[in-house]
Each structure stands twice: as structure tokens, then as C-alpha cells.
$ cat input05.txt   # compact mmCIF, N, CA and C atoms
# COMPACT_ATOMS: atom_id res chain seq x y z
N MET A 16 0.82 -1.18 0.00
CA MET A 16 0.00 0.00 0.00
C MET A 16 0.87 1.26 0.00
N GLN A 17 2.00 1.22 0.71
CA GLN A 17 2.83 2.42 0.79
C GLN A 17 3.40 2.78 -0.58
N ALA A 18 3.73 1.78 -1.40
CA ALA A 18 4.26 2.08 -2.73
C ALA A 18 3.21 2.76 -3.60
N THR A 19 1.97 2.32 -3.51
CA THR A 19 0.89 2.94 -4.29
C THR A 19 0.68 4.39 -3.86
N LEU A 20 0.69 4.62 -2.56
CA LEU A 20 0.53 5.98 -2.06
C LEU A 20 1.73 6.86 -2.43
N ALA A 21 2.91 6.28 -2.38
CA ALA A 21 4.11 7.04 -2.76
C ALA A 21 4.06 7.41 -4.24
N ALA A 22 3.65 6.48 -5.09
CA ALA A 22 3.55 6.77 -6.52
C ALA A 22 2.50 7.84 -6.79
N THR A 23 1.37 7.74 -6.12
CA THR A 23 0.31 8.74 -6.28
C THR A 23 0.79 10.11 -5.82
N GLY A 24 1.45 10.16 -4.66
CA GLY A 24 1.98 11.43 -4.15
C GLY A 24 3.04 12.01 -5.06
N PHE A 25 3.92 11.16 -5.59
CA PHE A 25 4.94 11.63 -6.51
C PHE A 25 4.32 12.22 -7.77
N LEU A 26 3.36 11.51 -8.35
CA LEU A 26 2.71 12.00 -9.57
C LEU A 26 1.93 13.29 -9.32
N ALA A 27 1.28 13.38 -8.17
CA ALA A 27 0.54 14.61 -7.83
C ALA A 27 1.51 15.78 -7.65
N ALA A 28 2.64 15.54 -6.98
CA ALA A 28 3.63 16.59 -6.80
C ALA A 28 4.25 17.00 -8.13
N LEU A 29 4.51 16.04 -8.98
CA LEU A 29 5.04 16.35 -10.31
C LEU A 29 4.04 17.18 -11.10
N GLY A 30 2.77 16.79 -11.02
CA GLY A 30 1.74 17.57 -11.69
C GLY A 30 1.66 18.99 -11.15
N ALA A 31 1.73 19.15 -9.84
CA ALA A 31 1.69 20.48 -9.23
C ALA A 31 2.89 21.30 -9.70
N TYR A 32 4.05 20.69 -9.75
CA TYR A 32 5.25 21.39 -10.22
C TYR A 32 5.08 21.84 -11.66
N LEU A 33 4.58 20.95 -12.50
CA LEU A 33 4.39 21.29 -13.92
C LEU A 33 3.35 22.39 -14.11
N LEU A 34 2.44 22.51 -13.16
CA LEU A 34 1.43 23.57 -13.22
C LEU A 34 1.89 24.86 -12.55
N GLY A 35 3.16 24.88 -12.12
CA GLY A 35 3.73 26.11 -11.60
C GLY A 35 3.77 26.25 -10.09
N ALA A 36 3.65 25.15 -9.36
CA ALA A 36 3.62 25.24 -7.90
C ALA A 36 5.00 25.50 -7.29
N GLY A 37 6.06 25.29 -8.00
CA GLY A 37 7.40 25.56 -7.47
C GLY A 37 8.22 24.31 -7.27
N THR A 38 9.53 24.53 -7.11
CA THR A 38 10.45 23.40 -6.99
C THR A 38 10.33 22.66 -5.66
N THR A 39 9.80 23.32 -4.64
CA THR A 39 9.63 22.64 -3.36
C THR A 39 8.71 21.44 -3.52
N TRP A 40 7.67 21.60 -4.33
CA TRP A 40 6.74 20.49 -4.58
C TRP A 40 7.46 19.35 -5.30
N LEU A 41 8.31 19.69 -6.25
CA LEU A 41 9.05 18.66 -6.99
C LEU A 41 10.01 17.92 -6.05
N ILE A 42 10.70 18.65 -5.19
CA ILE A 42 11.64 18.03 -4.25
C ILE A 42 10.90 17.08 -3.31
N ALA A 43 9.78 17.54 -2.77
CA ALA A 43 9.00 16.69 -1.87
C ALA A 43 8.49 15.45 -2.60
N GLY A 44 8.06 15.62 -3.84
CA GLY A 44 7.58 14.48 -4.62
C GLY A 44 8.68 13.47 -4.90
N ILE A 45 9.87 13.97 -5.21
CA ILE A 45 10.99 13.06 -5.46
C ILE A 45 11.36 12.30 -4.19
N LEU A 46 11.40 13.01 -3.07
CA LEU A 46 11.68 12.33 -1.80
C LEU A 46 10.66 11.22 -1.53
N LEU A 47 9.41 11.52 -1.77
CA LEU A 47 8.36 10.53 -1.57
C LEU A 47 8.49 9.39 -2.57
N GLY A 48 8.81 9.72 -3.81
CA GLY A 48 8.97 8.70 -4.84
C GLY A 48 10.15 7.77 -4.59
N LEU A 49 11.16 8.26 -3.88
CA LEU A 49 12.33 7.42 -3.58
C LEU A 49 12.00 6.22 -2.71
N VAL A 50 10.87 6.28 -2.05
CA VAL A 50 10.42 5.15 -1.23
C VAL A 50 10.26 3.89 -2.09
N ILE A 51 9.84 4.07 -3.32
CA ILE A 51 9.57 2.91 -4.19
C ILE A 51 10.85 2.17 -4.56
N PRO A 52 11.87 2.84 -5.15
CA PRO A 52 13.08 2.07 -5.47
C PRO A 52 13.80 1.55 -4.23
N PHE A 53 13.72 2.30 -3.13
CA PHE A 53 14.32 1.83 -1.88
C PHE A 53 13.67 0.53 -1.44
N THR A 54 12.36 0.48 -1.53
CA THR A 54 11.64 -0.73 -1.15
C THR A 54 12.02 -1.90 -2.07
N LEU A 55 12.04 -1.65 -3.36
CA LEU A 55 12.30 -2.73 -4.32
C LEU A 55 13.73 -3.23 -4.30
N THR A 56 14.69 -2.33 -4.10
CA THR A 56 16.09 -2.74 -4.19
C THR A 56 16.72 -3.10 -2.85
N VAL A 57 16.21 -2.53 -1.75
CA VAL A 57 16.84 -2.75 -0.46
C VAL A 57 15.98 -3.62 0.47
N ILE A 58 14.70 -3.32 0.57
CA ILE A 58 13.85 -4.05 1.51
C ILE A 58 13.36 -5.38 0.96
N LEU A 59 13.02 -5.41 -0.33
CA LEU A 59 12.46 -6.63 -0.91
C LEU A 59 13.35 -7.86 -0.77
N PRO A 60 14.68 -7.76 -0.99
CA PRO A 60 15.51 -8.95 -0.78
C PRO A 60 15.45 -9.47 0.67
N THR A 61 15.39 -8.56 1.63
CA THR A 61 15.27 -8.98 3.02
C THR A 61 13.93 -9.66 3.26
N ASN A 62 12.87 -9.11 2.69
CA ASN A 62 11.54 -9.73 2.81
C ASN A 62 11.56 -11.15 2.24
N ARG A 63 12.16 -11.31 1.09
CA ARG A 63 12.20 -12.63 0.46
C ARG A 63 12.95 -13.65 1.31
N ARG A 64 14.07 -13.20 1.91
CA ARG A 64 14.81 -14.11 2.78
C ARG A 64 14.01 -14.46 4.02
N LEU A 65 13.29 -13.48 4.56
CA LEU A 65 12.46 -13.74 5.74
C LEU A 65 11.33 -14.72 5.44
N LEU A 66 10.79 -14.65 4.23
CA LEU A 66 9.66 -15.50 3.85
C LEU A 66 10.08 -16.86 3.29
N SER A 67 11.37 -17.07 3.17
CA SER A 67 11.87 -18.32 2.63
C SER A 67 11.48 -19.50 3.52
N PRO A 68 10.93 -20.56 2.93
CA PRO A 68 10.60 -21.75 3.73
C PRO A 68 11.85 -22.40 4.34
N ALA A 69 13.01 -22.16 3.75
CA ALA A 69 14.24 -22.76 4.25
C ALA A 69 14.75 -22.08 5.52
N LEU A 70 14.26 -20.91 5.83
CA LEU A 70 14.71 -20.17 7.01
C LEU A 70 14.03 -20.71 8.26
N ALA A 71 14.84 -21.14 9.21
CA ALA A 71 14.30 -21.59 10.50
C ALA A 71 13.82 -20.35 11.26
N LYS A 72 12.57 -20.36 11.65
CA LYS A 72 11.96 -19.18 12.27
C LYS A 72 12.59 -18.78 13.59
N ASP A 73 13.22 -19.71 14.27
CA ASP A 73 13.83 -19.40 15.56
C ASP A 73 15.36 -19.32 15.47
N SER A 74 15.89 -19.16 14.27
CA SER A 74 17.34 -19.13 14.08
C SER A 74 17.90 -17.72 14.33
N PRO A 75 19.19 -17.65 14.60
CA PRO A 75 19.84 -16.33 14.73
C PRO A 75 19.75 -15.51 13.44
N GLU A 76 19.78 -16.21 12.30
CA GLU A 76 19.66 -15.50 11.02
C GLU A 76 18.30 -14.83 10.91
N ALA A 77 17.25 -15.51 11.34
CA ALA A 77 15.91 -14.91 11.30
C ALA A 77 15.86 -13.67 12.18
N ARG A 78 16.47 -13.74 13.35
CA ARG A 78 16.51 -12.58 14.26
C ARG A 78 17.25 -11.42 13.61
N GLN A 79 18.40 -11.73 12.96
CA GLN A 79 19.17 -10.70 12.27
C GLN A 79 18.36 -10.06 11.14
N LEU A 80 17.68 -10.90 10.38
CA LEU A 80 16.88 -10.39 9.27
C LEU A 80 15.73 -9.51 9.77
N LEU A 81 15.09 -9.91 10.87
CA LEU A 81 14.02 -9.10 11.43
C LEU A 81 14.54 -7.76 11.94
N ASP A 82 15.70 -7.77 12.56
CA ASP A 82 16.31 -6.52 13.02
C ASP A 82 16.64 -5.62 11.83
N ARG A 83 17.20 -6.23 10.79
CA ARG A 83 17.54 -5.47 9.57
C ARG A 83 16.28 -4.90 8.95
N TRP A 84 15.23 -5.71 8.87
CA TRP A 84 13.97 -5.25 8.28
C TRP A 84 13.42 -4.05 9.06
N GLY A 85 13.49 -4.11 10.37
CA GLY A 85 13.01 -3.01 11.20
C GLY A 85 13.76 -1.73 10.93
N LYS A 86 15.07 -1.82 10.80
CA LYS A 86 15.89 -0.63 10.51
C LYS A 86 15.58 -0.09 9.12
N LEU A 87 15.45 -0.98 8.15
CA LEU A 87 15.14 -0.53 6.78
C LEU A 87 13.76 0.12 6.71
N HIS A 88 12.81 -0.45 7.42
CA HIS A 88 11.48 0.14 7.45
C HIS A 88 11.52 1.52 8.10
N ALA A 89 12.35 1.68 9.12
CA ALA A 89 12.50 2.99 9.76
C ALA A 89 13.07 4.01 8.78
N VAL A 90 14.03 3.61 7.95
CA VAL A 90 14.59 4.51 6.94
C VAL A 90 13.49 4.94 5.97
N ARG A 91 12.68 3.99 5.54
CA ARG A 91 11.59 4.30 4.61
C ARG A 91 10.58 5.24 5.27
N SER A 92 10.28 5.02 6.51
CA SER A 92 9.33 5.88 7.22
C SER A 92 9.89 7.28 7.41
N ILE A 93 11.17 7.38 7.73
CA ILE A 93 11.80 8.70 7.90
C ILE A 93 11.81 9.45 6.57
N LEU A 94 12.10 8.75 5.50
CA LEU A 94 12.09 9.38 4.18
C LEU A 94 10.69 9.92 3.86
N SER A 95 9.67 9.16 4.18
CA SER A 95 8.30 9.61 3.97
C SER A 95 7.97 10.81 4.85
N PHE A 96 8.44 10.79 6.10
CA PHE A 96 8.19 11.91 7.00
C PHE A 96 8.88 13.19 6.52
N ILE A 97 10.11 13.07 6.05
CA ILE A 97 10.82 14.24 5.52
C ILE A 97 10.05 14.81 4.33
N SER A 98 9.57 13.94 3.47
CA SER A 98 8.77 14.38 2.33
C SER A 98 7.53 15.12 2.82
N PHE A 99 6.86 14.58 3.82
CA PHE A 99 5.68 15.23 4.39
C PHE A 99 6.02 16.62 4.91
N PHE A 100 7.14 16.73 5.61
CA PHE A 100 7.58 18.02 6.14
C PHE A 100 7.84 19.02 5.01
N VAL A 101 8.48 18.57 3.94
CA VAL A 101 8.75 19.45 2.80
C VAL A 101 7.43 19.87 2.15
N PHE A 102 6.47 18.94 2.05
CA PHE A 102 5.14 19.31 1.54
C PHE A 102 4.50 20.39 2.42
N LEU A 103 4.63 20.25 3.73
CA LEU A 103 4.08 21.27 4.64
C LEU A 103 4.76 22.63 4.41
N CYS A 104 6.07 22.59 4.22
CA CYS A 104 6.80 23.83 3.94
C CYS A 104 6.30 24.45 2.63
N ALA A 105 6.05 23.63 1.63
CA ALA A 105 5.55 24.12 0.35
C ALA A 105 4.16 24.75 0.53
N LEU A 106 3.34 24.13 1.34
CA LEU A 106 2.01 24.69 1.60
C LEU A 106 2.10 26.02 2.34
N SER A 107 3.02 26.12 3.29
CA SER A 107 3.13 27.36 4.05
C SER A 107 3.70 28.48 3.18
N GLN A 108 4.56 28.17 2.22
CA GLN A 108 5.07 29.18 1.29
C GLN A 108 3.95 29.70 0.40
N LYS A 109 3.06 28.82 0.03
CA LYS A 109 1.96 29.19 -0.85
C LYS A 109 0.98 30.13 -0.15
N SER A 110 0.81 29.95 1.16
CA SER A 110 -0.19 30.75 1.86
C SER A 110 0.33 32.13 2.26
N ARG A 111 1.61 32.39 2.11
CA ARG A 111 2.18 33.69 2.47
C ARG A 111 1.92 34.73 1.43
$ encode --input "input05.txt" --output "C-alpha cells"
Amino acid sequence: MQATLAATGFLAALGAYLLGAGTTWLIAGILLGLVIPFTLTVILPTNRRLLSPALAKDSPEARQLLDRWGKLHAVRSILSFISFFVFLCALSQKSR
């Protein structure tokens, strides 16, 4: 679901930029859009290893993978939050 929302937010920000909303909207959209390749290239391999039937659920490797997944998810969440903050800044610039 987060990838769909990120793509929608990126496209909306790109559209706003193309309609003259300013570069802040484009920057925020790009930050939000970066969630998608980050998920596909960095988080997805960890997810696949975690879901592997060959992985013993109580193994040290499973614990390591879960810890890694938690950190990667935090990076994705922080990236989304920064994008949200930049969007708020863009909105406040518009209202001045």
C-alpha cells in the first residue's frame, strides 16, 4: 500500500510542479517517490529471505533479518516523514 501511495503522491507533486507550484513540490515528490526504489532494491531482498521456507523461524539468522527489516522500514518511514515536512513547507510558502 505504501508504494501505491508514494507513486500517487509523486505523480501529484510532479503535476503540481508542472502547473507552476514551485520546486519545493518537486523536491517533496521526489523524496516521496524514492520510497519505491528503496523498497524494491533494499527491503524486498530482506523480505524474500524472511519468507523463505528454508529459514528456521527461531534461528539467529531470522533474528538478524528481522532486526535489519526493522531498521530498513525505519529509513523508509523517515524518508516519507521528511517528504511530508517538505510538503508542509511548500504549503506554508503558498499561503504567504
$ atom_distance --input "input05.txt" --atom1 "CA of Leu106 in chain A" --atom2 "CA of Val50 in chain A"
21.5 Å
$ atom_distance --input "input05.txt" --atom1 "CA of Cys104 in chain A" --atom2 "CA of Ile58 in chain A"
28.9 Å
$ atom_distance --input "input05.txt" --atom1 "atom N of Gly44 in chain A" --atom2 "atom N of Val90 in chain A"
17.9 Å
$ closest_residue --input "input05.txt" --among "A:Ile51, A:Leu65, A:Ala43, A:Leu103" --to "Thr19 in chain A" --atoms "all atoms listed in the file"
A:Ile51
$ axis_aligned_box --input "input05.txt" --around "range 45-56 of chain A" --padding-each-side "6 Å" --output "JSON"
{"center_x": 12.5, "center_y": 5.4, "center_z": -3.3, "size_x": 20.4, "size_y": 29.2, "size_z": 16.3}
$ select_by_dssp --input "input05.txt" --residues "chain A" --states "alpha helix (DSSP H)" --output "ChimeraX atom specification"
/A:17-33,38-48,50-53,59-66,75-110
$ closest_residue --input "input05.txt" --among "A:Leu80, A:Leu46, A:Leu70, A:Leu26" --to "Phe96 in chain A" --atoms "only C-alpha atoms"
A:Leu46
$ closest_residue --input "input05.txt" --among "A:Phe25, A:Phe100, A:Trp40, A:Trp84" --to "Arg64 in chain A" --atoms "only C-alpha atoms"
A:Trp84
$ closest_residue --input "input05.txt" --among "A:Leu55, A:Ala21, A:Leu94, A:Ala28" --to "Ile42 in chain A" --atoms "only C-alpha atoms"
A:Ala28
$ closest_residue --input "input05.txt" --among "A:Thr54, A:Leu29, A:Gly35, A:Ala22" --to "Arg91 in chain A" --atoms "all atoms listed in the file"
A:Thr54
$ build_atoms --input "input05.txt" --residues "range 43-63 of chain A" --atoms "N, CA, C and O atoms" --output "PDB file, in the coordinates of the input"
ATOM      1  N   ALA A  43       9.780  17.540  -2.770  1.00  0.00           N
ATOM      2  CA  ALA A  43       9.000  16.690  -1.870  1.00  0.00           C
ATOM      3  C   ALA A  43       8.490  15.450  -2.600  1.00  0.00           C
ATOM      4  O   ALA A  43       8.509  14.340  -2.053  1.00  0.00           O
ATOM      5  N   GLY A  44       8.060  15.620  -3.840  1.00  0.00           N
ATOM      6  CA  GLY A  44       7.580  14.480  -4.620  1.00  0.00           C
ATOM      7  C   GLY A  44       8.680  13.470  -4.900  1.00  0.00           C
ATOM      8  O   GLY A  44       8.459  12.263  -4.825  1.00  0.00           O
ATOM      9  N   ILE A  45       9.870  13.970  -5.210  1.00  0.00           N
ATOM     10  CA  ILE A  45      10.990  13.060  -5.460  1.00  0.00           C
ATOM     11  C   ILE A  45      11.360  12.300  -4.190  1.00  0.00           C
ATOM     12  O   ILE A  45      11.593  11.090  -4.236  1.00  0.00           O
ATOM     13  N   LEU A  46      11.400  13.010  -3.070  1.00  0.00           N
ATOM     14  CA  LEU A  46      11.680  12.330  -1.800  1.00  0.00           C
ATOM     15  C   LEU A  46      10.660  11.220  -1.530  1.00  0.00           C
ATOM     16  O   LEU A  46      11.022  10.127  -1.101  1.00  0.00           O
ATOM     17  N   LEU A  47       9.410  11.520  -1.770  1.00  0.00           N
ATOM     18  CA  LEU A  47       8.360  10.530  -1.570  1.00  0.00           C
ATOM     19  C   LEU A  47       8.490   9.390  -2.570  1.00  0.00           C
ATOM     20  O   LEU A  47       8.346   8.215  -2.222  1.00  0.00           O
ATOM     21  N   GLY A  48       8.810   9.720  -3.810  1.00  0.00           N
ATOM     22  CA  GLY A  48       8.970   8.700  -4.840  1.00  0.00           C
ATOM     23  C   GLY A  48      10.150   7.770  -4.590  1.00  0.00           C
ATOM     24  O   GLY A  48      10.149   6.616  -5.031  1.00  0.00           O
ATOM     25  N   LEU A  49      11.160   8.260  -3.880  1.00  0.00           N
ATOM     26  CA  LEU A  49      12.330   7.420  -3.580  1.00  0.00           C
ATOM     27  C   LEU A  49      12.000   6.220  -2.710  1.00  0.00           C
ATOM     28  O   LEU A  49      12.764   5.256  -2.650  1.00  0.00           O
ATOM     29  N   VAL A  50      10.870   6.280  -2.050  1.00  0.00           N
ATOM     30  CA  VAL A  50      10.420   5.150  -1.230  1.00  0.00           C
ATOM     31  C   VAL A  50      10.260   3.890  -2.090  1.00  0.00           C
ATOM     32  O   VAL A  50      10.565   2.787  -1.644  1.00  0.00           O
ATOM     33  N   ILE A  51       9.840   4.070  -3.320  1.00  0.00           N
ATOM     34  CA  ILE A  51       9.570   2.910  -4.190  1.00  0.00           C
ATOM     35  C   ILE A  51      10.850   2.170  -4.560  1.00  0.00           C
ATOM     36  O   ILE A  51      10.952   0.961  -4.301  1.00  0.00           O
ATOM     37  N   PRO A  52      11.870   2.840  -5.150  1.00  0.00           N
ATOM     38  CA  PRO A  52      13.080   2.070  -5.470  1.00  0.00           C
ATOM     39  C   PRO A  52      13.800   1.550  -4.230  1.00  0.00           C
ATOM     40  O   PRO A  52      14.405   0.488  -4.255  1.00  0.00           O
ATOM     41  N   PHE A  53      13.720   2.300  -3.130  1.00  0.00           N
ATOM     42  CA  PHE A  53      14.320   1.830  -1.880  1.00  0.00           C
ATOM     43  C   PHE A  53      13.670   0.530  -1.440  1.00  0.00           C
ATOM     44  O   PHE A  53      14.350  -0.423  -1.046  1.00  0.00           O
ATOM     45  N   THR A  54      12.360   0.480  -1.530  1.00  0.00           N
ATOM     46  CA  THR A  54      11.640  -0.730  -1.150  1.00  0.00           C
ATOM     47  C   THR A  54      12.020  -1.900  -2.070  1.00  0.00           C
ATOM     48  O   THR A  54      12.284  -3.006  -1.593  1.00  0.00           O
ATOM     49  N   LEU A  55      12.040  -1.650  -3.360  1.00  0.00           N
ATOM     50  CA  LEU A  55      12.300  -2.730  -4.320  1.00  0.00           C
ATOM     51  C   LEU A  55      13.730  -3.230  -4.300  1.00  0.00           C
ATOM     52  O   LEU A  55      13.981  -4.429  -4.473  1.00  0.00           O
ATOM     53  N   THR A  56      14.690  -2.330  -4.100  1.00  0.00           N
ATOM     54  CA  THR A  56      16.090  -2.740  -4.190  1.00  0.00           C
ATOM     55  C   THR A  56      16.720  -3.100  -2.850  1.00  0.00           C
ATOM     56  O   THR A  56      17.643  -3.907  -2.810  1.00  0.00           O
ATOM     57  N   VAL A  57      16.210  -2.530  -1.750  1.00  0.00           N
ATOM     58  CA  VAL A  57      16.840  -2.750  -0.460  1.00  0.00           C
ATOM     59  C   VAL A  57      15.980  -3.620   0.470  1.00  0.00           C
ATOM     60  O   VAL A  57      16.482  -4.561   1.080  1.00  0.00           O
ATOM     61  N   ILE A  58      14.700  -3.320   0.570  1.00  0.00           N
ATOM     62  CA  ILE A  58      13.850  -4.050   1.510  1.00  0.00           C
ATOM     63  C   ILE A  58      13.360  -5.380   0.960  1.00  0.00           C
ATOM     64  O   ILE A  58      13.290  -6.376   1.680  1.00  0.00           O
ATOM     65  N   LEU A  59      13.020  -5.410  -0.330  1.00  0.00           N
ATOM     66  CA  LEU A  59      12.460  -6.630  -0.910  1.00  0.00           C
ATOM     67  C   LEU A  59      13.350  -7.860  -0.770  1.00  0.00           C
ATOM     68  O   LEU A  59      12.859  -8.941  -0.416  1.00  0.00           O
ATOM     69  N   PRO A  60      14.680  -7.760  -0.990  1.00  0.00           N
ATOM     70  CA  PRO A  60      15.510  -8.950  -0.780  1.00  0.00           C
ATOM     71  C   PRO A  60      15.450  -9.470   0.670  1.00  0.00           C
ATOM     72  O   PRO A  60      15.443 -10.688   0.894  1.00  0.00           O
ATOM     73  N   THR A  61      15.390  -8.560   1.630  1.00  0.00           N
ATOM     74  CA  THR A  61      15.270  -8.980   3.020  1.00  0.00           C
ATOM     75  C   THR A  61      13.930  -9.660   3.260  1.00  0.00           C
ATOM     76  O   THR A  61      13.857 -10.695   3.938  1.00  0.00           O
ATOM     77  N   ASN A  62      12.870  -9.110   2.690  1.00  0.00           N
ATOM     78  CA  ASN A  62      11.540  -9.730   2.810  1.00  0.00           C
ATOM     79  C   ASN A  62      11.560 -11.150   2.240  1.00  0.00           C
ATOM     80  O   ASN A  62      10.996 -12.069   2.845  1.00  0.00           O
ATOM     81  N   ARG A  63      12.160 -11.310   1.090  1.00  0.00           N
ATOM     82  CA  ARG A  63      12.200 -12.630   0.460  1.00  0.00           C
ATOM     83  C   ARG A  63      12.950 -13.650   1.310  1.00  0.00           C
ATOM     84  O   ARG A  63      12.538 -14.800   1.432  1.00  0.00           O
TER      85      ARG A  63
END
